[in-house]
>>> print(open('query00.cif').read())   # mmCIF, C-alpha atoms
data_my_file
loop_
_atom_site.label_atom_id
_atom_site.label_comp_id
_atom_site.auth_asym_id
_atom_site.auth_seq_id
_atom_site.Cartn_x
_atom_site.Cartn_y
_atom_site.Cartn_z
CA MET A 1 30.55 78.20 107.05
CA ARG A 2 33.37 77.87 109.54
CA ILE A 3 35.82 77.21 106.72
CA LEU A 4 34.62 80.30 104.83
CA CYS A 5 34.98 82.52 107.90
CA LEU A 6 38.46 81.14 108.52
CA ALA A 7 39.46 81.83 104.93
CA LEU A 8 38.17 85.41 105.15
CA LEU A 9 40.04 85.93 108.42
CA LEU A 10 43.28 84.64 106.90
CA CYS A 11 42.86 86.97 103.91
CA LEU A 12 42.33 89.96 106.21
CA LEU A 13 45.36 89.05 108.29
CA ALA A 14 47.50 88.60 105.19
CA GLY A 15 46.44 91.97 103.88
CA CYS A 16 47.33 93.71 107.14
CA ALA A 17 50.70 92.01 107.33
CA SER A 18 51.84 92.51 103.75
CA GLY A 19 50.73 96.11 103.11
CA PRO A 20 50.04 97.37 99.58
CA ARG A 21 50.60 95.04 96.67
CA ILE A 22 53.77 96.11 94.83
CA ASP A 23 55.04 94.82 91.49
CA SER A 24 58.86 94.61 91.66
CA ARG A 25 59.50 93.03 88.27
CA TYR A 26 61.03 96.18 86.76
CA THR A 27 64.24 97.98 87.77
CA ALA A 28 65.29 101.45 86.60
CA ILE A 29 68.83 101.88 85.31
CA GLY A 30 68.89 105.55 86.40
CA GLN A 31 69.95 105.08 89.99
CA ASN A 32 72.91 104.90 92.33
CA SER A 33 73.65 104.65 96.02
CA ARG A 34 72.44 107.34 98.39
CA VAL A 35 75.95 107.16 99.90
CA GLN A 36 78.24 109.71 98.24
CA TYR A 37 81.14 109.96 100.70
CA ILE A 38 82.77 108.29 103.69
CA VAL A 39 83.83 110.56 106.57
CA LEU A 40 86.63 109.54 108.95
CA HIS A 41 86.84 110.62 112.59
CA TYR A 42 88.71 109.87 115.78
CA THR A 43 86.81 109.43 119.04
CA SER A 44 89.07 111.46 121.39
CA THR A 45 88.68 108.76 124.04
CA ASN A 46 89.15 105.05 124.79
CA LEU A 47 87.09 102.12 123.50
CA SER A 48 84.63 101.79 126.38
CA ASN A 49 83.83 105.50 126.38
CA SER A 50 83.63 105.50 122.58
CA LEU A 51 81.05 102.71 122.61
CA ARG A 52 79.03 104.44 125.28
CA LEU A 53 79.07 107.83 123.55
CA LEU A 54 78.23 106.40 120.13
CA THR A 55 75.37 104.21 121.33
CA GLU A 56 73.86 106.07 124.28
CA GLU A 57 74.26 109.72 123.31
CA GLU A 58 72.91 111.80 120.39
CA VAL A 59 76.10 111.42 118.35
CA SER A 60 76.47 108.16 116.40
CA SER A 61 78.46 106.54 113.62
CA HIS A 62 77.95 103.66 111.24
CA TYR A 63 81.19 101.97 112.27
CA LEU A 64 83.66 102.11 115.13
CA ILE A 65 87.11 100.52 114.86
CA GLY A 66 88.93 99.66 118.07
CA ASP A 67 92.65 100.24 118.57
CA THR A 68 93.82 97.06 120.35
CA PRO A 69 92.31 94.79 119.21
CA ALA A 70 91.18 96.35 115.93
CA ILE A 71 87.60 95.07 116.05
CA ILE A 72 85.12 96.65 113.65
CA TYR A 73 81.79 97.42 115.33
CA ARG A 74 78.71 98.17 113.22
CA LEU A 75 76.58 100.63 115.20
CA VAL A 76 74.17 101.96 112.56
CA ASP A 77 72.90 100.19 109.45
CA GLU A 78 74.29 101.76 106.27
CA ASN A 79 70.73 102.32 105.02
CA ARG A 80 70.05 104.63 107.95
CA ARG A 81 71.49 108.04 108.77
CA ALA A 82 74.06 108.32 111.55
CA TRP A 83 74.71 111.61 113.34
CA HIS A 84 78.44 112.01 112.88
CA ALA A 85 79.19 114.91 110.51
CA GLY A 86 77.05 117.71 111.97
CA GLU A 87 77.09 121.02 110.14
CA SER A 88 79.19 120.16 107.13
CA GLN A 89 79.70 120.75 103.42
CA TRP A 90 81.62 119.22 100.52
CA GLN A 91 81.37 119.95 96.80
CA GLY A 92 78.30 122.04 97.43
CA ARG A 93 76.44 119.35 99.37
CA THR A 94 75.47 120.35 102.90
CA TRP A 95 74.56 118.55 106.14
CA LEU A 96 76.34 115.40 105.03
CA ASN A 97 74.82 112.98 107.53
CA ALA A 98 72.21 112.13 104.89
CA SER A 99 74.72 111.18 102.18
CA THR A 100 77.71 109.75 104.04
CA ILE A 101 78.91 106.75 106.00
CA GLY A 102 80.71 107.70 109.20
CA ILE A 103 83.64 105.72 110.56
CA GLU A 104 85.08 106.45 114.00
CA LEU A 105 88.55 105.29 115.01
CA VAL A 106 89.35 104.82 118.68
CA ASN A 107 92.12 107.36 119.20
CA ARG A 108 92.62 109.98 121.88
CA GLY A 109 93.43 112.69 119.34
CA TYR A 110 95.72 115.22 120.99
CA SER A 111 96.70 116.72 124.30
CA ASP A 112 98.20 120.16 124.89
CA GLY A 113 101.14 120.38 127.25
CA PRO A 114 104.30 122.38 127.97
CA ASN A 115 105.96 120.87 124.88
CA GLY A 116 103.08 121.79 122.63
CA ARG A 117 100.38 119.66 121.09
CA GLN A 118 101.00 115.92 121.16
CA TRP A 119 99.01 113.65 118.83
CA GLN A 120 98.36 109.95 119.40
CA PRO A 121 99.46 107.70 116.52
CA PHE A 122 97.06 105.15 115.05
CA ALA A 123 97.63 101.45 115.63
CA PRO A 124 98.82 99.71 112.41
CA ALA A 125 96.27 96.89 112.81
CA GLN A 126 93.53 99.50 113.15
CA ILE A 127 94.51 101.12 109.85
CA GLU A 128 94.64 97.74 108.10
CA ALA A 129 91.12 96.96 109.36
CA LEU A 130 90.00 100.37 108.12
CA VAL A 131 91.47 99.78 104.65
CA GLU A 132 89.60 96.50 104.31
CA LEU A 133 86.37 98.09 105.49
CA LEU A 134 86.78 101.01 103.09
CA LYS A 135 87.41 98.69 100.15
CA ASP A 136 84.23 96.78 100.96
CA ILE A 137 82.08 99.91 101.36
CA MET A 138 83.40 101.57 98.22
CA GLN A 139 82.85 98.44 96.14
CA ARG A 140 79.29 97.96 97.36
CA HIS A 141 78.31 101.59 96.90
CA GLN A 142 80.39 102.03 93.72
CA LEU A 143 82.26 105.03 95.12
CA ALA A 144 85.14 106.53 93.16
CA PRO A 145 88.62 107.00 94.69
CA GLY A 146 88.60 110.29 96.53
CA SER A 147 85.22 109.74 98.16
CA ILE A 148 86.90 109.32 101.55
CA LEU A 149 87.01 112.55 103.54
CA ALA A 150 88.30 113.78 106.87
CA HIS A 151 85.91 115.37 109.32
CA SER A 152 88.25 118.35 109.06
CA ASP A 153 87.62 118.45 105.29
CA VAL A 154 83.87 118.84 105.64
CA ALA A 155 83.93 121.02 108.79
CA PRO A 156 87.31 122.84 108.74
CA GLN A 157 86.16 125.71 110.94
CA ARG A 158 85.45 123.48 113.93
CA LYS A 159 87.07 120.05 113.49
CA VAL A 160 90.62 118.70 113.13
CA ASP A 161 90.04 114.93 113.14
CA PRO A 162 91.41 112.49 112.20
CA GLY A 163 94.49 114.72 112.61
CA PRO A 164 98.01 114.97 111.12
CA LEU A 165 99.10 111.46 112.13
CA PHE A 166 96.37 109.76 110.16
CA PRO A 167 98.14 107.87 107.29
CA TRP A 168 96.30 109.13 104.20
CA LYS A 169 99.16 107.91 102.01
CA ARG A 170 98.41 104.34 103.14
CA LEU A 171 94.89 104.74 101.77
CA ALA A 172 96.28 106.17 98.54
CA ASP A 173 98.66 103.19 98.19
CA ALA A 174 95.61 100.91 98.50
CA GLY A 175 93.94 102.69 95.58
CA LEU A 176 91.36 104.42 97.74
CA LEU A 177 92.56 107.99 97.36
CA PRO A 178 94.19 110.07 94.60
CA TRP A 179 97.67 111.22 95.60
CA PRO A 180 99.79 113.99 94.06
CA ASP A 181 102.84 112.82 92.10
CA ALA A 182 105.93 113.88 94.06
CA HIS A 183 107.96 114.74 90.95
CA ALA A 184 105.20 116.95 89.53
CA VAL A 185 104.78 118.66 92.91
CA ALA A 186 108.52 119.40 93.12
CA GLN A 187 108.51 120.95 89.65
CA GLN A 188 105.53 123.15 90.40
CA GLN A 189 106.90 124.11 93.80
CA ALA A 190 110.08 125.44 92.16
CA GLU A 191 107.98 127.61 89.86
CA PHE A 192 105.71 128.87 92.62
CA SER A 193 108.77 129.72 94.74
CA GLN A 194 109.53 132.42 92.16
CA SER A 195 106.01 133.83 92.15
CA LEU A 196 103.36 132.78 94.65
CA PRO A 197 99.70 132.90 93.51
CA THR A 198 97.25 135.28 95.13
CA VAL A 199 95.06 134.35 98.08
CA ALA A 200 92.10 134.38 95.70
CA TRP A 201 93.83 131.70 93.61
CA PHE A 202 94.28 129.50 96.70
CA GLN A 203 90.63 129.97 97.59
CA GLN A 204 89.54 128.98 94.07
CA GLN A 205 91.72 125.87 94.08
CA LEU A 206 90.49 124.80 97.51
CA GLN A 207 86.92 125.26 96.32
CA ARG A 208 87.67 123.07 93.30
CA GLN A 209 88.83 120.35 95.66
CA GLY A 210 85.45 120.50 97.40
CA TYR A 211 86.09 122.73 100.43
CA LEU A 212 83.73 125.45 101.59
CA VAL A 213 86.04 128.48 101.59
CA PRO A 214 85.61 132.25 101.36
CA GLU A 215 86.03 133.81 97.92
CA HIS A 216 86.94 137.40 98.87
CA GLY A 217 90.69 137.12 98.27
CA GLU A 218 91.64 137.88 101.88
CA LEU A 219 93.74 135.63 104.11
CA ASP A 220 91.30 135.57 107.01
CA GLU A 221 90.94 132.97 109.77
CA ALA A 222 88.36 130.95 107.84
CA THR A 223 90.69 130.65 104.83
CA ARG A 224 93.62 129.68 107.07
CA ASN A 225 91.51 126.95 108.66
CA VAL A 226 90.67 125.48 105.27
CA LEU A 227 94.30 125.67 104.15
CA ALA A 228 95.35 123.92 107.37
CA ALA A 229 92.79 121.15 106.78
CA PHE A 230 94.16 120.58 103.28
CA GLN A 231 97.78 120.65 104.49
CA MET A 232 97.00 118.28 107.35
CA LYS A 233 95.88 115.73 104.77
CA TYR A 234 98.53 116.14 102.07
CA ARG A 235 101.45 117.75 103.97
CA PRO A 236 101.05 116.84 107.63
CA ALA A 237 104.61 117.90 108.52
CA ARG A 238 103.44 121.53 108.46
CA TYR A 239 99.80 122.58 108.60
CA ASP A 240 100.09 126.22 109.59
CA GLY A 241 97.44 127.53 107.21
CA GLU A 242 99.97 129.61 105.29
CA PRO A 243 99.60 129.85 101.48
CA ASP A 244 103.10 128.76 100.48
CA ALA A 245 104.69 127.35 97.30
CA GLU A 246 104.41 123.69 98.28
CA THR A 247 100.73 124.00 99.13
CA ALA A 248 100.13 125.75 95.81
CA ALA A 249 101.93 122.92 93.99
CA LEU A 250 99.90 120.26 95.78
CA LEU A 251 96.65 122.02 94.92
CA LEU A 252 97.58 122.45 91.28
CA VAL A 253 98.73 118.86 90.77
CA LEU A 254 95.69 117.42 92.55
CA GLY A 255 93.42 119.64 90.49
CA ARG A 256 94.70 118.34 87.16
CA PRO A 257 92.34 116.02 85.28
CA THR A 258 93.19 112.34 85.63
CA ARG A 259 93.86 110.39 82.44
#
>>> encode(input="query00.cif", output="structure tokens")
Amino acid sequence: MRILCLALLLCLLAGCASGPRIDSRYTAIGQNSRVQYIVLHYTSTNLSNSLRLLTEEEVSSHYLIGDTPAIIYRLVDENRRAWHAGESQWQGRTWLNASTIGIELVNRGYSDGPNGRQWQPFAPAQIEALVELLKDIMQRHQLAPGSILAHSDVAPQRKVDPGPLFPWKRLADAGLLPWPDAHAVAQQQAEFSQSLPTVAWFQQQLQRQGYLVPEHGELDEATRNVLAAFQMKYRPARYDGEPDAETAALLLVLGRPTR
């Protein structure tokens, strides 16, 4: 009798611990990762403050990369949502916290002074650590080149990080990001110098890239902010938000189908 009672008790405990019985022998081929993009940020402060803000406040990120030394900290499991993107949109998807991995880089961003805005450069070792992390994430989640975004890409009306000194070309050289061919850009720039497209054309091309941009054909502040975000990424020497021939050439070359 005692043995029977013990067996029944063990069965009850096993049932409570294991939950419903699930058959996992079959796997659907129609699936992919919930992660669609990776969003890059800078922290605007030092390492100790960055760790405190990203672990003790409402804002969070999946990863934080220090400057010196370039240690990679995992703060949120990739299977969980981190609160890093806020109100955001890319390629029609909104509120990107649910579909992105956020990576913060320890960097003070910028300071405004009598000589204008001064940006802090990124430590080379920090960028190398980032490249390795990005390669790993993109391989595991089977993300295509071009899935890496700036915070300023997905929220151009309110964010400028990771800023004009972030080396996007280094990521492109590592195969992580499409990059416009310089010769093709120069050819198109010469043509656009003769006749610049309309503001509506710029808005359409920016939308094709993935940006949320007005479509009314007017060069308003919102459109300038989106143009500046694009320029900051692909032409950081001048990101004034002006629709010029070089920006038009960059947009056109980037928008061409890849072979």
>>> axis_aligned_box(input="query00.cif", around="region 192-198 of chain A", padding_each_side="3 Å", output="AutoDock Vina command-line options")
--center_x 103.4 --center_y 132.1 --center_z 93.6 --size_x 18.3 --size_y 12.4 --size_z 9.0
>>> atom_distance(input="query00.cif", atom1="CA of Ala125 (chain A)", atom2="CA of Gly66 (chain A)")
9.4 Å
>>> atom_distance(input="query00.cif", atom1="CA of Asn107 (chain A)", atom2="CA of Val131 (chain A)")
16.4 Å
>>> closest_atom_pairs(input="query00.cif", of="region 146-199 of chain A", to="region 93-96 of chain A", cutoff="12 Å", atoms="all atoms listed in the file", output="Markdown table")
| residue | atom | partner | partner_atom | distance |
| --- | --- | --- | --- | --- |
| A:Leu149 | CA | A:Leu96 | CA | 11.1 |
| A:His151 | CA | A:Leu96 | CA | 10.5 |
| A:Asp153 | CA | A:Leu96 | CA | 11.7 |
| A:Val154 | CA | A:Leu96 | CA | 8.3 |
| A:Ala155 | CA | A:Trp95 | CA | 10.0 |
>>> atom_distance(input="query00.cif", atom1="CA of Asp161 (chain A)", atom2="CA of His41 (chain A)")
5.4 Å
>>> resolve_selection(input="query00.cif", expression="the PyMOL selection byres ((chain A and resi 207) around 12)", output="PDB file with C-alpha atoms, in the frame of the given file")
ATOM      1  CA  GLN A  89      79.700 120.750 103.420  1.00  0.00           C
ATOM      2  CA  TRP A  90      81.620 119.220 100.520  1.00  0.00           C
ATOM      3  CA  GLN A  91      81.370 119.950  96.800  1.00  0.00           C
ATOM      4  CA  GLY A  92      78.300 122.040  97.430  1.00  0.00           C
ATOM      5  CA  ASP A 153      87.620 118.450 105.290  1.00  0.00           C
ATOM      6  CA  VAL A 154      83.870 118.840 105.640  1.00  0.00           C
ATOM      7  CA  ALA A 200      92.100 134.380  95.700  1.00  0.00           C
ATOM      8  CA  TRP A 201      93.830 131.700  93.610  1.00  0.00           C
ATOM      9  CA  PHE A 202      94.280 129.500  96.700  1.00  0.00           C
ATOM     10  CA  GLN A 203      90.630 129.970  97.590  1.00  0.00           C
ATOM     11  CA  GLN A 204      89.540 128.980  94.070  1.00  0.00           C
ATOM     12  CA  GLN A 205      91.720 125.870  94.080  1.00  0.00           C
ATOM     13  CA  LEU A 206      90.490 124.800  97.510  1.00  0.00           C
ATOM     14  CA  ARG A 208      87.670 123.070  93.300  1.00  0.00           C
ATOM     15  CA  GLN A 209      88.830 120.350  95.660  1.00  0.00           C
ATOM     16  CA  GLY A 210      85.450 120.500  97.400  1.00  0.00           C
ATOM     17  CA  TYR A 211      86.090 122.730 100.430  1.00  0.00           C
ATOM     18  CA  LEU A 212      83.730 125.450 101.590  1.00  0.00           C
ATOM     19  CA  VAL A 213      86.040 128.480 101.590  1.00  0.00           C
ATOM     20  CA  PRO A 214      85.610 132.250 101.360  1.00  0.00           C
ATOM     21  CA  GLU A 215      86.030 133.810  97.920  1.00  0.00           C
ATOM     22  CA  THR A 223      90.690 130.650 104.830  1.00  0.00           C
ATOM     23  CA  VAL A 226      90.670 125.480 105.270  1.00  0.00           C
ATOM     24  CA  LEU A 227      94.300 125.670 104.150  1.00  0.00           C
ATOM     25  CA  PHE A 230      94.160 120.580 103.280  1.00  0.00           C
ATOM     26  CA  LEU A 251      96.650 122.020  94.920  1.00  0.00           C
ATOM     27  CA  GLY A 255      93.420 119.640  90.490  1.00  0.00           C
TER      28      GLY A 255
END
>>> resolve_selection(input="query00.cif", expression="the PyMOL selection byres ((chain A and resi 139-144) around 12)", output="MDAnalysis selection string")
chainID A and resid 31:38 78:79 99:101 132:138 145:148 175:178
>>> resolve_selection(input="query00.cif", expression="the PyMOL selection byres ((chain A and resi 50) around 10)", output="list in words")
Tyr42, Thr43, Ser44, Thr45, Asn46, Leu47, Ser48, Asn49, Leu51, Arg52, Leu53, Leu54, Thr55, Glu56, Ser60, Leu64, Ile65, Gly66, Glu104, Leu105, Val106 and Asn107 of chain A
>>> residues_around(input="query00.cif", residues="Arg80 (chain A)", least_positions_apart="4", cutoff="9 Å", atoms="all atoms listed in the file", output="PyMOL selection string")
chain A and resi 62+76+98
>>> residues_around(input="query00.cif", residues="Gln157 (chain A)", least_positions_apart="6", cutoff="9 Å", atoms="all atoms listed in the file", output="list in words")
Glu221, Ala222, Asn225 and Val226 of chain A
>>> write_last_selection(input="query00.cif", atoms="C-alpha atoms", output="CSV table (one decimal), in the frame of the given file")
chain,number,residue,atom,x,y,z
A,221,GLU,CA,90.9,133.0,109.8
A,222,ALA,CA,88.4,131.0,107.8
A,225,ASN,CA,91.5,127.0,108.7
A,226,VAL,CA,90.7,125.5,105.3
>>> residues_around(input="query00.cif", residues="Gln126 (chain A)", least_positions_apart="4", cutoff="8 Å", atoms="all atoms listed in the file", output="JSON, numbers by chain")
{"A": [65, 66, 67, 68, 69, 70, 71, 105, 122, 130]}
>>> closest_residue(input="query00.cif", among="A:Ser152, A:Thr247, A:Ser111, A:Ser88", to="Val199 (chain A)", atoms="all atoms listed in the file")
A:Thr247
>>> closest_residue(input="query00.cif", among="A:Ile72, A:Ile127, A:Val253, A:Leu196", to="Phe166 (chain A)", atoms="all atoms listed in the file")
A:Ile127
>>> closest_residue(input="query00.cif", among="A:Ser24, A:Leu40, A:Gln187, A:Pro197", to="Lys159 (chain A)", atoms="all atoms listed in the file")
A:Leu40
>>> closest_residue(input="query00.cif", among="A:Leu254, A:Leu75, A:Val59, A:Ile22", to="Val185 (chain A)", atoms="all atoms listed in the file")
A:Leu254
>>> decode(input="query00.cif", residues="region 80-103 of chain A", atoms="N, CA, C and O atoms", output="PDB file, in the first residue's frame")
ATOM      1  N   ARG A  80      14.334  37.090 -25.843  1.00  0.00           N
ATOM      2  CA  ARG A  80      13.446  38.031 -25.152  1.00  0.00           C
ATOM      3  C   ARG A  80      13.568  39.422 -25.777  1.00  0.00           C
ATOM      4  O   ARG A  80      14.566  39.742 -26.417  1.00  0.00           O
ATOM      5  N   ARG A  81      12.579  40.241 -25.561  1.00  0.00           N
ATOM      6  CA  ARG A  81      12.549  41.588 -26.130  1.00  0.00           C
ATOM      7  C   ARG A  81      13.286  42.559 -25.206  1.00  0.00           C
ATOM      8  O   ARG A  81      13.035  42.599 -24.006  1.00  0.00           O
ATOM      9  N   ALA A  82      14.195  43.320 -25.789  1.00  0.00           N
ATOM     10  CA  ALA A  82      14.854  44.408 -25.061  1.00  0.00           C
ATOM     11  C   ALA A  82      14.215  45.725 -25.475  1.00  0.00           C
ATOM     12  O   ALA A  82      13.707  45.863 -26.582  1.00  0.00           O
ATOM     13  N   TRP A  83      14.280  46.710 -24.592  1.00  0.00           N
ATOM     14  CA  TRP A  83      13.623  47.995 -24.830  1.00  0.00           C
ATOM     15  C   TRP A  83      14.680  49.016 -25.274  1.00  0.00           C
ATOM     16  O   TRP A  83      15.170  49.811 -24.479  1.00  0.00           O
ATOM     17  N   HIS A  84      15.011  48.969 -26.539  1.00  0.00           N
ATOM     18  CA  HIS A  84      16.102  49.805 -27.043  1.00  0.00           C
ATOM     19  C   HIS A  84      15.700  50.696 -28.212  1.00  0.00           C
ATOM     20  O   HIS A  84      16.283  51.743 -28.422  1.00  0.00           O
ATOM     21  N   ALA A  85      14.715  50.295 -29.007  1.00  0.00           N
ATOM     22  CA  ALA A  85      14.389  51.038 -30.229  1.00  0.00           C
ATOM     23  C   ALA A  85      13.305  52.088 -30.019  1.00  0.00           C
ATOM     24  O   ALA A  85      13.273  53.094 -30.710  1.00  0.00           O
ATOM     25  N   GLY A  86      12.397  51.854 -29.086  1.00  0.00           N
ATOM     26  CA  GLY A  86      11.303  52.794 -28.857  1.00  0.00           C
ATOM     27  C   GLY A  86      10.388  52.888 -30.060  1.00  0.00           C
ATOM     28  O   GLY A  86      10.217  51.935 -30.828  1.00  0.00           O
ATOM     29  N   GLU A  87       9.772  54.055 -30.223  1.00  0.00           N
ATOM     30  CA  GLU A  87       8.907  54.274 -31.381  1.00  0.00           C
ATOM     31  C   GLU A  87       9.776  54.266 -32.635  1.00  0.00           C
ATOM     32  O   GLU A  87      10.636  55.128 -32.806  1.00  0.00           O
ATOM     33  N   SER A  88       9.535  53.325 -33.508  1.00  0.00           N
ATOM     34  CA  SER A  88      10.455  53.097 -34.620  1.00  0.00           C
ATOM     35  C   SER A  88       9.727  52.421 -35.771  1.00  0.00           C
ATOM     36  O   SER A  88       8.669  51.813 -35.593  1.00  0.00           O
ATOM     37  N   GLN A  89      10.344  52.513 -36.958  1.00  0.00           N
ATOM     38  CA  GLN A  89       9.755  51.871 -38.136  1.00  0.00           C
ATOM     39  C   GLN A  89      10.824  51.647 -39.195  1.00  0.00           C
ATOM     40  O   GLN A  89      11.705  52.483 -39.397  1.00  0.00           O
ATOM     41  N   TRP A  90      10.715  50.492 -39.873  1.00  0.00           N
ATOM     42  CA  TRP A  90      11.603  50.189 -40.995  1.00  0.00           C
ATOM     43  C   TRP A  90      10.891  49.218 -41.926  1.00  0.00           C
ATOM     44  O   TRP A  90      10.340  48.219 -41.470  1.00  0.00           O
ATOM     45  N   GLN A  91      10.886  49.540 -43.199  1.00  0.00           N
ATOM     46  CA  GLN A  91      10.250  48.697 -44.213  1.00  0.00           C
ATOM     47  C   GLN A  91       8.820  48.328 -43.838  1.00  0.00           C
ATOM     48  O   GLN A  91       8.376  47.209 -44.063  1.00  0.00           O
ATOM     49  N   GLY A  92       8.127  49.283 -43.252  1.00  0.00           N
ATOM     50  CA  GLY A  92       6.738  49.083 -42.896  1.00  0.00           C
ATOM     51  C   GLY A  92       6.504  48.425 -41.556  1.00  0.00           C
ATOM     52  O   GLY A  92       5.367  48.411 -41.064  1.00  0.00           O
ATOM     53  N   ARG A  93       7.537  47.873 -40.941  1.00  0.00           N
ATOM     54  CA  ARG A  93       7.394  47.267 -39.617  1.00  0.00           C
ATOM     55  C   ARG A  93       7.541  48.351 -38.560  1.00  0.00           C
ATOM     56  O   ARG A  93       8.429  49.198 -38.654  1.00  0.00           O
ATOM     57  N   THR A  94       6.708  48.294 -37.547  1.00  0.00           N
ATOM     58  CA  THR A  94       6.709  49.327 -36.513  1.00  0.00           C
ATOM     59  C   THR A  94       7.095  48.741 -35.156  1.00  0.00           C
ATOM     60  O   THR A  94       7.086  47.527 -34.966  1.00  0.00           O
ATOM     61  N   TRP A  95       7.433  49.638 -34.222  1.00  0.00           N
ATOM     62  CA  TRP A  95       7.774  49.264 -32.848  1.00  0.00           C
ATOM     63  C   TRP A  95       8.719  48.059 -32.863  1.00  0.00           C
ATOM     64  O   TRP A  95       8.361  46.945 -32.499  1.00  0.00           O
ATOM     65  N   LEU A  96       9.945  48.312 -33.284  1.00  0.00           N
ATOM     66  CA  LEU A  96      10.878  47.257 -33.663  1.00  0.00           C
ATOM     67  C   LEU A  96      11.512  46.501 -32.504  1.00  0.00           C
ATOM     68  O   LEU A  96      12.290  45.573 -32.741  1.00  0.00           O
ATOM     69  N   ASN A  97      11.195  46.847 -31.277  1.00  0.00           N
ATOM     70  CA  ASN A  97      11.730  46.073 -30.157  1.00  0.00           C
ATOM     71  C   ASN A  97      11.405  44.587 -30.293  1.00  0.00           C
ATOM     72  O   ASN A  97      12.192  43.727 -29.904  1.00  0.00           O
ATOM     73  N   ALA A  98      10.235  44.281 -30.846  1.00  0.00           N
ATOM     74  CA  ALA A  98       9.788  42.894 -30.921  1.00  0.00           C
ATOM     75  C   ALA A  98      10.524  42.082 -31.974  1.00  0.00           C
ATOM     76  O   ALA A  98      10.509  40.851 -31.921  1.00  0.00           O
ATOM     77  N   SER A  99      11.158  42.732 -32.937  1.00  0.00           N
ATOM     78  CA  SER A  99      11.754  41.999 -34.061  1.00  0.00           C
ATOM     79  C   SER A  99      13.229  42.331 -34.277  1.00  0.00           C
ATOM     80  O   SER A  99      13.771  42.050 -35.339  1.00  0.00           O
ATOM     81  N   THR A 100      13.871  42.905 -33.286  1.00  0.00           N
ATOM     82  CA  THR A 100      15.271  43.320 -33.454  1.00  0.00           C
ATOM     83  C   THR A 100      16.129  42.878 -32.279  1.00  0.00           C
ATOM     84  O   THR A 100      15.634  42.592 -31.185  1.00  0.00           O
ATOM     85  N   ILE A 101      17.419  42.844 -32.531  1.00  0.00           N
ATOM     86  CA  ILE A 101      18.426  42.716 -31.477  1.00  0.00           C
ATOM     87  C   ILE A 101      19.110  44.071 -31.349  1.00  0.00           C
ATOM     88  O   ILE A 101      19.549  44.654 -32.345  1.00  0.00           O
ATOM     89  N   GLY A 102      19.183  44.576 -30.145  1.00  0.00           N
ATOM     90  CA  GLY A 102      19.806  45.879 -29.900  1.00  0.00           C
ATOM     91  C   GLY A 102      21.221  45.732 -29.382  1.00  0.00           C
ATOM     92  O   GLY A 102      21.482  44.924 -28.489  1.00  0.00           O
ATOM     93  N   ILE A 103      22.129  46.508 -29.959  1.00  0.00           N
ATOM     94  CA  ILE A 103      23.525  46.517 -29.515  1.00  0.00           C
ATOM     95  C   ILE A 103      23.919  47.955 -29.179  1.00  0.00           C
ATOM     96  O   ILE A 103      23.826  48.841 -30.028  1.00  0.00           O
TER      97      ILE A 103
END
